Amino acid sequence: MLSSQTLDFLDALCRTSHAAYPEGGTLWTYVEGANQAHIKFHDARRIPVTGALNIEQLGKWLQWAQGDRARTTGVSIGMAERLVALLREELCPDEVLWSFEDAGSDMHANIYMARVSDNRYFALELWWSED
């Protein structure tokens with residue numbers, strides 16, 4: 001389960017995003033699965049393909065989700081680092097994967113995590129759109 005700190009972070013992001021895109025905005029889904037990391041974490045069927053976590057892409061996603069399509073700033077990179085730090089602190093994953101998809105008027109950003117000690121799987125799926 002996500003902490004109140006992480007939920008507050010995500011809820012604030014949603015409010016800002018919905019103000020920037022009244023007909024769209026940010027949606028997120030959190031998934032936690034017991035005894036599923038060995039199956040779900042390295043799922044070869046996942047599209048888009050996953051890779052190493054890219055803080056700059058996450059920063060871009062966060063910045064654009066809030067309506068600012070300028071070049072990615074240090075503030076948005078800091079927000080990305082904060083979100084990842086929150087997730088790492090509360091979920092203690094051993095492995096992290098990332099997928100990112102930019103369609104111009106919408107973006108997907110997914111963080112997949114696995115904790116080996118108890119075979120627990122986590123996913124934070126982020127999406128925003130203009131409408």
# chains A, B, ... in the order shown; residues from 1 in each chain; ligands from 1
call {"tool": "select_by_dssp", "arguments": {"residues": "chain A", "states": "strand (DSSP E)", "output": "PyMOL selection string"}}
result
chain A and resi 25-33+95-102+106-115+120-129
call {"tool": "write_last_selection", "arguments": {"atoms": "C-alpha atoms", "output": "PDB file, in the first residue's frame"}}
result
ATOM      1  CA  GLY A  25      -5.461  15.397 -16.853  1.00  0.00           C
ATOM      2  CA  THR A  26      -3.606  12.762 -14.918  1.00  0.00           C
ATOM      3  CA  LEU A  27      -4.772   9.317 -13.893  1.00  0.00           C
ATOM      4  CA  TRP A  28      -2.722   6.749 -12.019  1.00  0.00           C
ATOM      5  CA  THR A  29      -3.048   3.133 -10.995  1.00  0.00           C
ATOM      6  CA  TYR A  30      -1.080   1.329  -8.314  1.00  0.00           C
ATOM      7  CA  VAL A  31      -0.810  -2.456  -8.356  1.00  0.00           C
ATOM      8  CA  GLU A  32       0.715  -4.675  -5.693  1.00  0.00           C
ATOM      9  CA  GLY A  33       0.928  -8.415  -6.085  1.00  0.00           C
ATOM     10  CA  GLU A  95      14.747  -4.059  -9.009  1.00  0.00           C
ATOM     11  CA  VAL A  96      13.056  -1.244 -10.924  1.00  0.00           C
ATOM     12  CA  LEU A  97      12.006  -1.088 -14.583  1.00  0.00           C
ATOM     13  CA  TRP A  98      10.497   1.753 -16.557  1.00  0.00           C
ATOM     14  CA  SER A  99       8.448   2.306 -19.682  1.00  0.00           C
ATOM     15  CA  PHE A 100       7.622   5.622 -21.322  1.00  0.00           C
ATOM     16  CA  GLU A 101       5.396   6.484 -24.250  1.00  0.00           C
ATOM     17  CA  ASP A 102       4.961  10.007 -25.664  1.00  0.00           C
ATOM     18  CA  ASP A 106      -0.899  12.115 -23.994  1.00  0.00           C
ATOM     19  CA  MET A 107       1.891  10.251 -22.248  1.00  0.00           C
ATOM     20  CA  HIS A 108       2.265   7.007 -20.333  1.00  0.00           C
ATOM     21  CA  ALA A 109       4.942   6.487 -17.695  1.00  0.00           C
ATOM     22  CA  ASN A 110       5.078   3.210 -15.808  1.00  0.00           C
ATOM     23  CA  ILE A 111       7.358   2.203 -12.957  1.00  0.00           C
ATOM     24  CA  TYR A 112       7.588  -1.543 -12.283  1.00  0.00           C
ATOM     25  CA  MET A 113       9.259  -2.807  -9.117  1.00  0.00           C
ATOM     26  CA  ALA A 114      10.130  -6.173  -7.580  1.00  0.00           C
ATOM     27  CA  ARG A 115      11.159  -7.044  -4.051  1.00  0.00           C
ATOM     28  CA  ARG A 120       6.316  -8.961  -4.165  1.00  0.00           C
ATOM     29  CA  TYR A 121       5.491  -7.059  -7.365  1.00  0.00           C
ATOM     30  CA  PHE A 122       4.570  -3.370  -7.613  1.00  0.00           C
ATOM     31  CA  ALA A 123       3.554  -1.153 -10.518  1.00  0.00           C
ATOM     32  CA  LEU A 124       2.755   2.554 -10.640  1.00  0.00           C
ATOM     33  CA  GLU A 125       1.104   3.332 -13.960  1.00  0.00           C
ATOM     34  CA  LEU A 126       0.853   7.032 -14.794  1.00  0.00           C
ATOM     35  CA  TRP A 127      -1.093   8.564 -17.670  1.00  0.00           C
ATOM     36  CA  TRP A 128      -2.134  12.053 -18.699  1.00  0.00           C
ATOM     37  CA  SER A 129      -3.912  13.509 -21.694  1.00  0.00           C
TER      38      SER A 129
END
call {"tool": "select_by_dssp", "arguments": {"residues": "region 58-95 of chain A", "states": "alpha helix (DSSP H)", "output": "PyMOL selection string"}}
result
chain A and resi 58-65+74-91
call {"tool": "closest_residue", "arguments": {"among": "A:Val84, A:Gly78, A:Val116, A:Thr16", "to": "Leu53 (chain A)", "atoms": "only C-alpha atoms"}}
result
A:Val84
call {"tool": "closest_residue", "arguments": {"among": "A:Ser105, A:Ser76, A:Leu62, A:Arg71", "to": "Leu10 (chain A)", "atoms": "only C-alpha atoms"}}
result
A:Leu62
call {"tool": "residues_around", "arguments": {"residues": "Ala70 (chain A)", "least_positions_apart": "5", "cutoff": "12 Å", "atoms": "only C-alpha atoms", "output": "PDB file with N, CA, C and O atoms, in the first residue's frame"}}
result
ATOM      1  N   GLY A  59      10.761  13.136 -15.300  1.00  0.00           N
ATOM      2  CA  GLY A  59      10.648  14.580 -15.097  1.00  0.00           C
ATOM      3  C   GLY A  59       9.854  15.240 -16.207  1.00  0.00           C
ATOM      4  O   GLY A  59       9.005  16.099 -15.957  1.00  0.00           O
ATOM      5  N   LYS A  60      10.112  14.828 -17.443  1.00  0.00           N
ATOM      6  CA  LYS A  60       9.352  15.358 -18.586  1.00  0.00           C
ATOM      7  C   LYS A  60       7.877  15.008 -18.440  1.00  0.00           C
ATOM      8  O   LYS A  60       7.007  15.851 -18.631  1.00  0.00           O
ATOM      9  N   TRP A  61       7.597  13.763 -18.071  1.00  0.00           N
ATOM     10  CA  TRP A  61       6.213  13.335 -17.912  1.00  0.00           C
ATOM     11  C   TRP A  61       5.520  14.204 -16.856  1.00  0.00           C
ATOM     12  O   TRP A  61       4.417  14.705 -17.069  1.00  0.00           O
ATOM     13  N   LEU A  62       6.170  14.377 -15.704  1.00  0.00           N
ATOM     14  CA  LEU A  62       5.584  15.169 -14.623  1.00  0.00           C
ATOM     15  C   LEU A  62       5.365  16.617 -15.044  1.00  0.00           C
ATOM     16  O   LEU A  62       4.318  17.204 -14.763  1.00  0.00           O
ATOM     17  N   GLN A  63       6.315  17.193 -15.734  1.00  0.00           N
ATOM     18  CA  GLN A  63       6.216  18.589 -16.154  1.00  0.00           C
ATOM     19  C   GLN A  63       5.107  18.768 -17.176  1.00  0.00           C
ATOM     20  O   GLN A  63       4.285  19.672 -17.061  1.00  0.00           O
ATOM     21  N   TRP A  64       5.062  17.907 -18.178  1.00  0.00           N
ATOM     22  CA  TRP A  64       4.041  18.015 -19.213  1.00  0.00           C
ATOM     23  C   TRP A  64       2.660  17.704 -18.652  1.00  0.00           C
ATOM     24  O   TRP A  64       1.667  18.278 -19.081  1.00  0.00           O
ATOM     25  N   ALA A  65       2.576  16.796 -17.681  1.00  0.00           N
ATOM     26  CA  ALA A  65       1.292  16.466 -17.055  1.00  0.00           C
ATOM     27  C   ALA A  65       0.694  17.675 -16.345  1.00  0.00           C
ATOM     28  O   ALA A  65      -0.517  17.765 -16.171  1.00  0.00           O
ATOM     29  N   SER A  76      11.282  19.848 -12.292  1.00  0.00           N
ATOM     30  CA  SER A  76      10.579  18.607 -12.630  1.00  0.00           C
ATOM     31  C   SER A  76      11.472  17.386 -12.410  1.00  0.00           C
ATOM     32  O   SER A  76      10.981  16.323 -12.002  1.00  0.00           O
TER      33      SER A  76
END
call {"tool": "closest_residue", "arguments": {"among": "A:Asp118, A:Leu87, A:Asp131, A:Val49", "to": "Ser4 (chain A)", "atoms": "only C-alpha atoms"}}
result
A:Leu87
